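Since the structure comes first, as structure tokens, the remarks are kept for the end.
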Amino acid sequence: MQDMQIDPITGFFDRFSCLQLAARLVHEIEDSGESLAVLWIDLDRFKQINGSFGYEGGDSIIAEIAKRLRVAVDGQGEIGRVGADEFICLARNMDSYSAEQLAIELLHAIKPPLNMGDFKVRVSASIGIAILEPEESAAEVLERADWAKNTAKILGGNRHILSGNEQIPSHMGIIQAREDLEVEFLLHTALDTGGLQLYYQPILGFNGNVLSVEALMRCTVNGKSIPPARFFPVAEKTELIARLGEWSLLQAACQARDLRNAGLKTTISVNVSRAQLADPKFTQDLQSAIIIAEIEPNLIELELSDSLFADDTDAIQKNLRNALDMEVNLTVDNFGTGTSCLSNLKKLHTSKLKLGRSFISSAHEDSRAMSVVKAMVQLGKELGMTVIAEGVETKEQMEALRDLSVDGIQGYYYAKPMDVATLTAWLKDREYA
């Protein structure tokens, strides 16, 4: 079993270590006849607290709640932090009655007000309880505790629910929850065993010049490929999305160095999530990747959803400004599909505007869609941005976009995503053609 990792804010096991511990405990007591209680604790309406006091204030409250939980549990079980405001307590040799009594104690421990400057903040929680059943897996007992917790929240929070007394989830809901846990385990395995890989899709101008390449993550574990559409939603529900983002940033920077050293100097764009950009350490991670790879900062572009530019969270706006100060370029991805603030686009001097494939797929045959694309191209040009159309798959689409004065295109019409070796050969063929 790998070394257990500790959450720095609470001192509890982090999410993956807690899941590992659950799996180990279930395995150890399979034949012993012992019991295992799982208490899933979710603070009620915690997003409002973060919104009122910011992430630093939220972290200080989480740290204080963790102290109270530790005192209330008093060695009866192990606690892990499995989400921003969620915890799991694993209590060996505890039956349902004792687990409910512990849940009551936890609710009482959480309830006293907390001082936040001149304010007093009252926090409550919803707790779901599940007792391990014969031949039940760790994923299944955790899932039942989670469903019980969800019912406690639906009923208004500040209460506990014992599994079996909650609303019955749909069969598809159970399957989805179980598959999400499986994908989460596989992502951790991929990070630890080298199962992640970046593929690269070129972005070309209409003269054939390569404007940049976009890094796209692929995941393979035990010979099985997990589609991005499957693993990214799971990663976004957990802290994994930040780890994946940090990994891809460093890998892309190193690849930009290798291409430069091979005489194929090419900018690489990397997708950045909100969780990653909201992290105060993001600027440090970006600087580290550039320093380790020994590259010019302008060889890296950050692709951000347009809604991120409208997000006025201090940490996000500071990280965006820091990236620009470092001469790292910013690209607005999927423009028009989110809630972009046009004043922010102008203020931040983003270098590229990428039009989402939903606009491109029908623009050549739909006059209304064509008008929308035309307006977005004009907006990008007036802001001094390079306008890219992604998802271009046919000659008709390409020609329509060229007529609209789009600067470059990305899509299967010119090139599919490639692994490093294929990309290098492809670039060399174009260089010497």
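Going by the structure tokens order, chains are called A, B, ..., each with residues numbered from 1, while ligands are numbered from 1 in the order shown.
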
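For stretch 70-78 of chain A, the residues within 7 Å (counting only C-alpha atoms, excluding itself and residues fewer than 6 positions away along the chain) are Cys89, Leu90, Ala91, Arg92, Glu105, Leu106 and Ala109 of chain A.
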
* With a distance cut-off of 6 Å and only C-alpha atoms, select the neighbouring residues of stretch 299-315 of chain A, excluding the residue or stretch itself and same-chain residues fewer than 2 positions from it, and output the selection as an MDAnalysis selection string. => chainID A and resid 267:272 278 280 296:297 317:318 328:333 335 338:341

* Got a sec: who's within 12 Å of A:His108, counting only C-alpha atoms, leaving out chain neighbours fewer than 3 positions off, as a list of chain:residue names? -> A:Ile65, A:Arg68, A:Leu69, A:Val71, A:Ala72, A:Val73, A:Gln101, A:Leu102, A:Ala103, A:Ile104, A:Glu105, A:Lys111, A:Pro112, A:Pro113, A:Arg122, A:Val123, A:Ser124, A:Ala125, A:Ser126, A:Asn158, A:Arg159, A:His160

Produce a file of the selected residues containing N, CA and C atoms, as a PDB file, in the first residue's frame.
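As written to disk, again.pdb reads:
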```pdb
ATOM      1  N   ILE A  65     -13.255  23.395  12.132  1.00  0.00           N
ATOM      2  CA  ILE A  65     -14.209  22.275  12.142  1.00  0.00           C
ATOM      3  C   ILE A  65     -13.458  20.958  12.285  1.00  0.00           C
ATOM      4  N   ARG A  68     -12.657  20.234  15.816  1.00  0.00           N
ATOM      5  CA  ARG A  68     -13.842  19.799  16.561  1.00  0.00           C
ATOM      6  C   ARG A  68     -14.189  18.350  16.242  1.00  0.00           C
ATOM      7  N   LEU A  69     -14.051  17.985  14.970  1.00  0.00           N
ATOM      8  CA  LEU A  69     -14.337  16.597  14.589  1.00  0.00           C
ATOM      9  C   LEU A  69     -13.357  15.641  15.269  1.00  0.00           C
ATOM     10  N   VAL A  71     -11.772  15.982  18.087  1.00  0.00           N
ATOM     11  CA  VAL A  71     -12.089  15.856  19.511  1.00  0.00           C
ATOM     12  C   VAL A  71     -13.325  14.987  19.706  1.00  0.00           C
ATOM     13  N   ALA A  72     -14.353  15.183  18.871  1.00  0.00           N
ATOM     14  CA  ALA A  72     -15.592  14.426  19.025  1.00  0.00           C
ATOM     15  C   ALA A  72     -15.398  12.944  18.708  1.00  0.00           C
ATOM     16  N   VAL A  73     -14.605  12.640  17.688  1.00  0.00           N
ATOM     17  CA  VAL A  73     -14.358  11.236  17.336  1.00  0.00           C
ATOM     18  C   VAL A  73     -13.518  10.557  18.418  1.00  0.00           C
ATOM     19  N   GLN A 101     -25.077   7.533  17.503  1.00  0.00           N
ATOM     20  CA  GLN A 101     -24.697   8.342  18.657  1.00  0.00           C
ATOM     21  C   GLN A 101     -23.486   9.210  18.329  1.00  0.00           C
ATOM     22  N   LEU A 102     -22.525   8.647  17.593  1.00  0.00           N
ATOM     23  CA  LEU A 102     -21.360   9.418  17.190  1.00  0.00           C
ATOM     24  C   LEU A 102     -21.770  10.556  16.253  1.00  0.00           C
ATOM     25  N   ALA A 103     -22.687  10.287  15.334  1.00  0.00           N
ATOM     26  CA  ALA A 103     -23.156  11.325  14.417  1.00  0.00           C
ATOM     27  C   ALA A 103     -23.802  12.477  15.185  1.00  0.00           C
ATOM     28  N   ILE A 104     -24.572  12.154  16.216  1.00  0.00           N
ATOM     29  CA  ILE A 104     -25.203  13.194  17.040  1.00  0.00           C
ATOM     30  C   ILE A 104     -24.135  14.043  17.724  1.00  0.00           C
ATOM     31  N   GLU A 105     -23.094  13.375  18.229  1.00  0.00           N
ATOM     32  CA  GLU A 105     -22.001  14.106  18.874  1.00  0.00           C
ATOM     33  C   GLU A 105     -21.282  15.014  17.876  1.00  0.00           C
ATOM     34  N   LYS A 111     -21.786  22.594  15.684  1.00  0.00           N
ATOM     35  CA  LYS A 111     -22.816  23.632  15.776  1.00  0.00           C
ATOM     36  C   LYS A 111     -22.397  24.951  16.411  1.00  0.00           C
ATOM     37  N   PRO A 112     -21.552  24.996  17.464  1.00  0.00           N
ATOM     38  CA  PRO A 112     -21.240  26.286  18.092  1.00  0.00           C
ATOM     39  C   PRO A 112     -20.689  27.299  17.096  1.00  0.00           C
ATOM     40  N   PRO A 113     -21.038  28.587  17.257  1.00  0.00           N
ATOM     41  CA  PRO A 113     -20.607  29.602  16.286  1.00  0.00           C
ATOM     42  C   PRO A 113     -19.093  29.770  16.268  1.00  0.00           C
ATOM     43  N   ARG A 122     -22.284  30.397  11.918  1.00  0.00           N
ATOM     44  CA  ARG A 122     -22.835  29.133  12.410  1.00  0.00           C
ATOM     45  C   ARG A 122     -22.804  28.112  11.281  1.00  0.00           C
ATOM     46  N   VAL A 123     -22.252  26.968  11.569  1.00  0.00           N
ATOM     47  CA  VAL A 123     -22.109  25.906  10.569  1.00  0.00           C
ATOM     48  C   VAL A 123     -22.872  24.675  11.041  1.00  0.00           C
ATOM     49  N   SER A 124     -23.552  24.029  10.122  1.00  0.00           N
ATOM     50  CA  SER A 124     -24.207  22.756  10.407  1.00  0.00           C
ATOM     51  C   SER A 124     -23.728  21.736   9.388  1.00  0.00           C
ATOM     52  N   ALA A 125     -24.176  20.511   9.549  1.00  0.00           N
ATOM     53  CA  ALA A 125     -23.716  19.456   8.649  1.00  0.00           C
ATOM     54  C   ALA A 125     -24.822  18.441   8.390  1.00  0.00           C
ATOM     55  N   SER A 126     -24.663  17.731   7.286  1.00  0.00           N
ATOM     56  CA  SER A 126     -25.508  16.574   6.950  1.00  0.00           C
ATOM     57  C   SER A 126     -24.615  15.342   7.005  1.00  0.00           C
ATOM     58  N   ASN A 158     -28.375  19.609   8.871  1.00  0.00           N
ATOM     59  CA  ASN A 158     -28.291  19.588  10.337  1.00  0.00           C
ATOM     60  C   ASN A 158     -28.950  18.339  10.911  1.00  0.00           C
ATOM     61  N   ARG A 159     -28.651  17.192  10.313  1.00  0.00           N
ATOM     62  CA  ARG A 159     -29.222  15.922  10.763  1.00  0.00           C
ATOM     63  C   ARG A 159     -28.383  14.781  10.210  1.00  0.00           C
ATOM     64  N   HIS A 160     -28.666  13.589  10.732  1.00  0.00           N
ATOM     65  CA  HIS A 160     -28.015  12.385  10.202  1.00  0.00           C
ATOM     66  C   HIS A 160     -29.087  11.427   9.694  1.00  0.00           C
TER      67      HIS A 160
END
```

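Atom CA of A:Ile62 is found 14.1 Å from atom CA of A:Phe13.
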
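For the pair atom CA of A:Leu353 and atom CA of A:Glu214, the interatomic distance is 13.6 Å.
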
* For stretch 32-41 of chain A: contacts at 8 Å, only C-alpha atoms, fewer than 4 positions along chain excluded, given as a list in words -> Val26, Glu28, Glu86, Phe87, Ile88, Cys89, Leu90, Ala91, Arg92, Asn93, Met94, Asp95, Ser96, Ala99, Ala103, Ala125, Ser126, Ile127, Gly128, Ile129, Ala130, Ile131, Leu132, Val141, Leu142, Ala145, Asp146 and Lys149 of chain A

Written selection (N, CA and C atoms) as an mmCIF file, in the first residue's frame:
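Everything below was put into again_27.cif:
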```cif
data_model
loop_
_atom_site.group_PDB
_atom_site.id
_atom_site.type_symbol
_atom_site.label_atom_id
_atom_site.label_comp_id
_atom_site.auth_asym_id
_atom_site.auth_seq_id
_atom_site.Cartn_x
_atom_site.Cartn_y
_atom_site.Cartn_z
ATOM 1 N N VAL A 26 -12.024 -2.863 4.698
ATOM 2 C CA VAL A 26 -13.022 -3.829 4.222
ATOM 3 C C VAL A 26 -12.359 -5.175 3.953
ATOM 4 N N GLU A 28 -9.610 -6.354 5.341
ATOM 5 C CA GLU A 28 -9.123 -6.961 6.577
ATOM 6 C C GLU A 28 -10.230 -7.621 7.397
ATOM 7 N N GLU A 86 -16.214 18.219 2.789
ATOM 8 C CA GLU A 86 -16.719 16.884 3.090
ATOM 9 C C GLU A 86 -15.648 16.041 3.774
ATOM 10 N N PHE A 87 -16.105 15.211 4.711
ATOM 11 C CA PHE A 87 -15.220 14.338 5.474
ATOM 12 C C PHE A 87 -15.837 12.949 5.562
ATOM 13 N N ILE A 88 -14.991 11.958 5.755
ATOM 14 C CA ILE A 88 -15.457 10.597 6.007
ATOM 15 C C ILE A 88 -14.793 10.091 7.283
ATOM 16 N N CYS A 89 -15.606 9.521 8.157
ATOM 17 C CA CYS A 89 -15.086 8.872 9.356
ATOM 18 C C CYS A 89 -15.284 7.363 9.193
ATOM 19 N N LEU A 90 -14.213 6.596 9.337
ATOM 20 C CA LEU A 90 -14.249 5.139 9.239
ATOM 21 C C LEU A 90 -14.037 4.579 10.646
ATOM 22 N N ALA A 91 -15.075 3.967 11.199
ATOM 23 C CA ALA A 91 -15.035 3.502 12.585
ATOM 24 C C ALA A 91 -15.172 1.983 12.634
ATOM 25 N N ARG A 92 -14.098 1.320 13.009
ATOM 26 C CA ARG A 92 -14.084 -0.139 13.095
ATOM 27 C C ARG A 92 -14.792 -0.591 14.384
ATOM 28 N N ASN A 93 -15.460 -1.753 14.294
ATOM 29 C CA ASN A 93 -16.156 -2.334 15.456
ATOM 30 C C ASN A 93 -17.217 -1.386 16.017
ATOM 31 N N MET A 94 -17.956 -0.757 15.128
ATOM 32 C CA MET A 94 -19.029 0.144 15.555
ATOM 33 C C MET A 94 -20.319 -0.258 14.874
ATOM 34 N N ASP A 95 -21.375 -0.503 15.667
ATOM 35 C CA ASP A 95 -22.661 -0.893 15.097
ATOM 36 C C ASP A 95 -23.484 0.355 14.773
ATOM 37 N N SER A 96 -24.693 0.133 14.273
ATOM 38 C CA SER A 96 -25.504 1.253 13.806
ATOM 39 C C SER A 96 -25.903 2.191 14.946
ATOM 40 N N ALA A 99 -22.928 4.257 15.876
ATOM 41 C CA ALA A 99 -22.632 5.187 14.787
ATOM 42 C C ALA A 99 -23.588 6.374 14.824
ATOM 43 N N ALA A 103 -22.687 10.287 15.334
ATOM 44 C CA ALA A 103 -23.156 11.325 14.417
ATOM 45 C C ALA A 103 -23.802 12.477 15.185
ATOM 46 N N ALA A 125 -24.176 20.511 9.549
ATOM 47 C CA ALA A 125 -23.716 19.456 8.649
ATOM 48 C C ALA A 125 -24.822 18.441 8.390
ATOM 49 N N SER A 126 -24.663 17.731 7.286
ATOM 50 C CA SER A 126 -25.508 16.574 6.950
ATOM 51 C C SER A 126 -24.615 15.342 7.005
ATOM 52 N N ILE A 127 -25.085 14.311 7.700
ATOM 53 C CA ILE A 127 -24.262 13.111 7.883
ATOM 54 C C ILE A 127 -25.038 11.874 7.406
ATOM 55 N N GLY A 128 -24.389 11.102 6.548
ATOM 56 C CA GLY A 128 -24.943 9.822 6.112
ATOM 57 C C GLY A 128 -24.146 8.685 6.745
ATOM 58 N N ILE A 129 -24.842 7.668 7.202
ATOM 59 C CA ILE A 129 -24.198 6.541 7.885
ATOM 60 C C ILE A 129 -24.501 5.251 7.140
ATOM 61 N N ALA A 130 -23.483 4.427 6.953
ATOM 62 C CA ALA A 130 -23.678 3.086 6.380
ATOM 63 C C ALA A 130 -22.836 2.101 7.177
ATOM 64 N N ILE A 131 -23.417 0.946 7.483
ATOM 65 C CA ILE A 131 -22.704 -0.132 8.171
ATOM 66 C C ILE A 131 -22.385 -1.215 7.141
ATOM 67 N N LEU A 132 -21.129 -1.602 7.095
ATOM 68 C CA LEU A 132 -20.688 -2.586 6.106
ATOM 69 C C LEU A 132 -21.509 -3.874 6.205
ATOM 70 N N VAL A 141 -20.207 0.406 0.173
ATOM 71 C CA VAL A 141 -20.579 0.961 1.474
ATOM 72 C C VAL A 141 -20.374 2.482 1.489
ATOM 73 N N LEU A 142 -19.336 2.966 0.816
ATOM 74 C CA LEU A 142 -19.148 4.417 0.699
ATOM 75 C C LEU A 142 -20.293 5.057 -0.072
ATOM 76 N N ALA A 145 -23.325 5.399 2.157
ATOM 77 C CA ALA A 145 -23.172 6.518 3.089
ATOM 78 C C ALA A 145 -23.387 7.854 2.374
ATOM 79 N N ASP A 146 -22.899 7.948 1.150
ATOM 80 C CA ASP A 146 -23.056 9.169 0.355
ATOM 81 C C ASP A 146 -24.532 9.430 0.052
ATOM 82 N N LYS A 149 -26.234 10.632 3.122
ATOM 83 C CA LYS A 149 -25.876 12.041 3.347
ATOM 84 C C LYS A 149 -26.686 12.966 2.444
#
```

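Proximity to A:Val392 was assessed for A:Ala22, A:Ala415, A:Ile292, A:Leu244 counting only C-alpha atoms; the smallest distance is recorded for A:Ala415.
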
* **Backbone-only DSSP, alpha helix (DSSP H) members of stretch 30-240 of chain A, as a ChimeraX atom specification** => /A:46-73,96-110,138-154,171-193,228-237,240

Output the selection as a JSON list (two decimals), in the first residue's frame - C-alpha atoms for each residue.
```json
[["chain", "number", "residue", "atom", "x", "y", "z"],
["A", 46, "PHE", "CA", -20.52, 26.04, 2.77],
["A", 47, "LYS", "CA", -20.30, 27.69, -0.66],
["A", 48, "GLN", "CA", -22.02, 30.72, 0.87],
["A", 49, "ILE", "CA", -19.28, 30.92, 3.50],
["A", 50, "ASN", "CA", -16.57, 30.81, 0.83],
["A", 51, "GLY", "CA", -18.44, 33.44, -1.13],
["A", 52, "SER", "CA", -18.66, 35.71, 1.92],
["A", 53, "PHE", "CA", -15.19, 35.28, 3.41],
["A", 54, "GLY", "CA", -13.12, 34.04, 0.46],
["A", 55, "TYR", "CA", -11.10, 30.86, 0.23],
["A", 56, "GLU", "CA", -8.68, 31.83, 3.01],
["A", 57, "GLY", "CA", -11.57, 32.46, 5.36],
["A", 58, "GLY", "CA", -13.17, 29.20, 4.26],
["A", 59, "ASP", "CA", -9.94, 27.32, 4.91],
["A", 60, "SER", "CA", -9.69, 28.73, 8.43],
["A", 61, "ILE", "CA", -13.23, 27.54, 9.15],
["A", 62, "ILE", "CA", -12.45, 24.10, 7.74],
["A", 63, "ALA", "CA", -9.38, 23.91, 9.99],
["A", 64, "GLU", "CA", -11.46, 24.76, 13.06],
["A", 65, "ILE", "CA", -14.21, 22.28, 12.14],
["A", 66, "ALA", "CA", -11.50, 19.62, 11.71],
["A", 67, "LYS", "CA", -10.29, 20.24, 15.27],
["A", 68, "ARG", "CA", -13.84, 19.80, 16.56],
["A", 69, "LEU", "CA", -14.34, 16.60, 14.59],
["A", 70, "ARG", "CA", -11.07, 15.16, 15.90],
["A", 71, "VAL", "CA", -12.09, 15.86, 19.51],
["A", 72, "ALA", "CA", -15.59, 14.43, 19.02],
["A", 73, "VAL", "CA", -14.36, 11.24, 17.34],
["A", 96, "SER", "CA", -25.50, 1.25, 13.81],
["A", 97, "TYR", "CA", -26.62, 2.48, 17.25],
["A", 98, "SER", "CA", -23.10, 3.59, 18.22],
["A", 99, "ALA", "CA", -22.63, 5.19, 14.79],
["A", 100, "GLU", "CA", -25.81, 7.24, 15.21],
["A", 101, "GLN", "CA", -24.70, 8.34, 18.66],
["A", 102, "LEU", "CA", -21.36, 9.42, 17.19],
["A", 103, "ALA", "CA", -23.16, 11.33, 14.42],
["A", 104, "ILE", "CA", -25.20, 13.19, 17.04],
["A", 105, "GLU", "CA", -22.00, 14.11, 18.87],
["A", 106, "LEU", "CA", -20.43, 15.34, 15.64],
["A", 107, "LEU", "CA", -23.43, 17.53, 14.84],
["A", 108, "HIS", "CA", -23.28, 19.05, 18.33],
["A", 109, "ALA", "CA", -19.52, 19.62, 18.01],
["A", 110, "ILE", "CA", -19.90, 21.44, 14.67],
["A", 138, "ALA", "CA", -15.61, -0.49, -0.09],
["A", 139, "ALA", "CA", -17.11, 1.39, -3.04],
["A", 140, "GLU", "CA", -20.58, 0.07, -2.22],
["A", 141, "VAL", "CA", -20.58, 0.96, 1.47],
["A", 142, "LEU", "CA", -19.15, 4.42, 0.70],
["A", 143, "GLU", "CA", -21.82, 4.88, -1.93],
["A", 144, "ARG", "CA", -24.58, 4.04, 0.58],
["A", 145, "ALA", "CA", -23.17, 6.52, 3.09],
["A", 146, "ASP", "CA", -23.06, 9.17, 0.36],
["A", 147, "TRP", "CA", -26.69, 8.55, -0.63],
["A", 148, "ALA", "CA", -27.76, 8.74, 3.01],
["A", 149, "LYS", "CA", -25.88, 12.04, 3.35],
["A", 150, "ASN", "CA", -27.64, 13.39, 0.25],
["A", 151, "THR", "CA", -31.01, 12.59, 1.78],
["A", 152, "ALA", "CA", -30.02, 14.41, 4.98],
["A", 153, "LYS", "CA", -29.23, 17.48, 2.85],
["A", 154, "ILE", "CA", -32.52, 17.22, 0.94],
["A", 171, "HIS", "CA", -30.51, 2.03, -10.41],
["A", 172, "MET", "CA", -28.70, 4.24, -12.92],
["A", 173, "GLY", "CA", -27.64, 6.60, -10.14],
["A", 174, "ILE", "CA", -26.05, 3.72, -8.22],
["A", 175, "ILE", "CA", -24.21, 2.54, -11.34],
["A", 176, "GLN", "CA", -22.96, 6.08, -12.07],
["A", 177, "ALA", "CA", -21.68, 6.61, -8.52],
["A", 178, "ARG", "CA", -19.85, 3.29, -8.57],
["A", 179, "GLU", "CA", -18.29, 3.99, -11.97],
["A", 180, "ASP", "CA", -17.13, 7.43, -10.79],
["A", 181, "LEU", "CA", -15.30, 5.86, -7.86],
["A", 182, "GLU", "CA", -13.68, 3.35, -10.21],
["A", 183, "VAL", "CA", -12.53, 6.10, -12.58],
["A", 184, "GLU", "CA", -11.13, 8.07, -9.64],
["A", 185, "PHE", "CA", -9.03, 5.08, -8.56],
["A", 186, "LEU", "CA", -7.83, 4.64, -12.15],
["A", 187, "LEU", "CA", -6.79, 8.29, -12.42],
["A", 188, "HIS", "CA", -4.72, 8.02, -9.25],
["A", 189, "THR", "CA", -3.15, 4.87, -10.65],
["A", 190, "ALA", "CA", -2.38, 6.65, -13.92],
["A", 191, "LEU", "CA", -0.68, 9.51, -12.08],
["A", 192, "ASP", "CA", 1.42, 7.07, -10.05],
["A", 193, "THR", "CA", 2.34, 4.65, -12.85],
["A", 228, "PRO", "CA", -11.39, 12.29, -21.67],
["A", 229, "ALA", "CA", -15.15, 12.82, -21.65],
["A", 230, "ARG", "CA", -15.29, 10.18, -18.91],
["A", 231, "PHE", "CA", -12.36, 11.06, -16.69],
["A", 232, "PHE", "CA", -12.45, 14.87, -16.76],
["A", 233, "PRO", "CA", -15.92, 15.17, -15.12],
["A", 234, "VAL", "CA", -14.74, 12.85, -12.34],
["A", 235, "ALA", "CA", -11.50, 14.79, -11.93],
["A", 236, "GLU", "CA", -13.46, 18.05, -11.67],
["A", 237, "LYS", "CA", -15.50, 16.65, -8.76],
["A", 240, "LEU", "CA", -7.54, 15.50, -9.06]]
```

* Among the residues of stretch 145-314 of chain A, find those DSSP assigns to strand (DSSP E) from the backbone and print them as JSON, numbers by chain. => {"A": [159, 160, 161, 162, 196, 197, 198, 199, 200, 201, 202, 203, 204, 205, 210, 211, 212, 213, 214, 215, 216, 217, 218, 219, 220, 221, 224, 225, 226, 268, 269, 270, 271, 300, 301, 302, 303, 304, 305]}

Could you save the residues just selected, with C-alpha atoms, as a compact mmCIF listing (two decimals), in the first residue's frame?
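For reference, part.txt as written:
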```txt
# COMPACT_ATOMS: atom_id res chain seq x y z
CA ARG A 159 -29.22 15.92 10.76
CA HIS A 160 -28.01 12.39 10.20
CA ILE A 161 -29.57 9.59 8.16
CA LEU A 162 -28.81 5.89 8.53
CA LEU A 196 -1.07 9.72 -18.60
CA GLN A 197 0.09 10.98 -21.98
CA LEU A 198 -0.27 14.20 -23.94
CA TYR A 199 -1.35 14.15 -27.56
CA TYR A 200 -0.98 17.25 -29.71
CA GLN A 201 -3.29 18.73 -32.34
CA PRO A 202 -1.85 21.44 -34.62
CA ILE A 203 -3.52 24.78 -35.30
CA LEU A 204 -2.77 26.00 -38.82
CA GLY A 205 -3.13 29.21 -40.74
CA VAL A 210 1.66 26.02 -37.87
CA LEU A 211 0.43 28.67 -35.43
CA SER A 212 0.62 26.42 -32.36
CA VAL A 213 -0.33 22.95 -31.12
CA GLU A 214 -2.83 22.13 -28.39
CA ALA A 215 -1.95 19.58 -25.71
CA LEU A 216 -4.73 17.05 -25.12
CA MET A 217 -4.59 14.55 -22.26
CA ARG A 218 -5.04 10.81 -22.71
CA CYS A 219 -5.27 8.21 -19.95
CA THR A 220 -4.49 4.48 -20.16
CA VAL A 221 -4.44 2.07 -17.20
CA LYS A 224 -7.52 0.17 -20.99
CA SER A 225 -8.06 3.64 -22.44
CA ILE A 226 -10.35 5.98 -20.50
CA ILE A 268 2.05 24.67 -27.10
CA SER A 269 -1.30 25.57 -25.60
CA VAL A 270 -2.44 23.93 -22.37
CA ASN A 271 -5.97 23.83 -21.01
CA ILE A 300 3.40 28.30 -23.57
CA GLU A 301 -0.20 29.40 -24.01
CA LEU A 302 -2.93 28.92 -21.44
CA GLU A 303 -6.34 27.97 -22.84
CA LEU A 304 -9.14 29.15 -20.59
CA SER A 305 -12.90 28.85 -20.90
```

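The closest residue to A:Leu250, picked from A:Cys18, A:Met4, A:Ser288, A:Gly380 and counting only C-alpha atoms, is A:Ser288.
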
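Of note, atom CA of A:Gln378 and atom CA of A:Asp403 are spaced 12.6 Å apart.
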
* To do: Write out as a list in words the residues lying within 7 Å of A:Asp407, counting only C-alpha atoms and excluding same-chain residues fewer than 2 positions away.
  => Gly205, Thr386, Val387, Ile388 and Ser405 of chain A

* Please identify all polymer residues within 8 Å of A:Ser17, counting only C-alpha atoms, omitting same-chain residues fewer than 6 positions from it, and present them as an MDAnalysis selection string. => chainID A and resid 4:6 80

* From the list A:Arg321, A:Asn209, A:Ser248, A:Lys428, which residue is nearest A:Gly263 when using only C-alpha atoms? -> A:Lys428
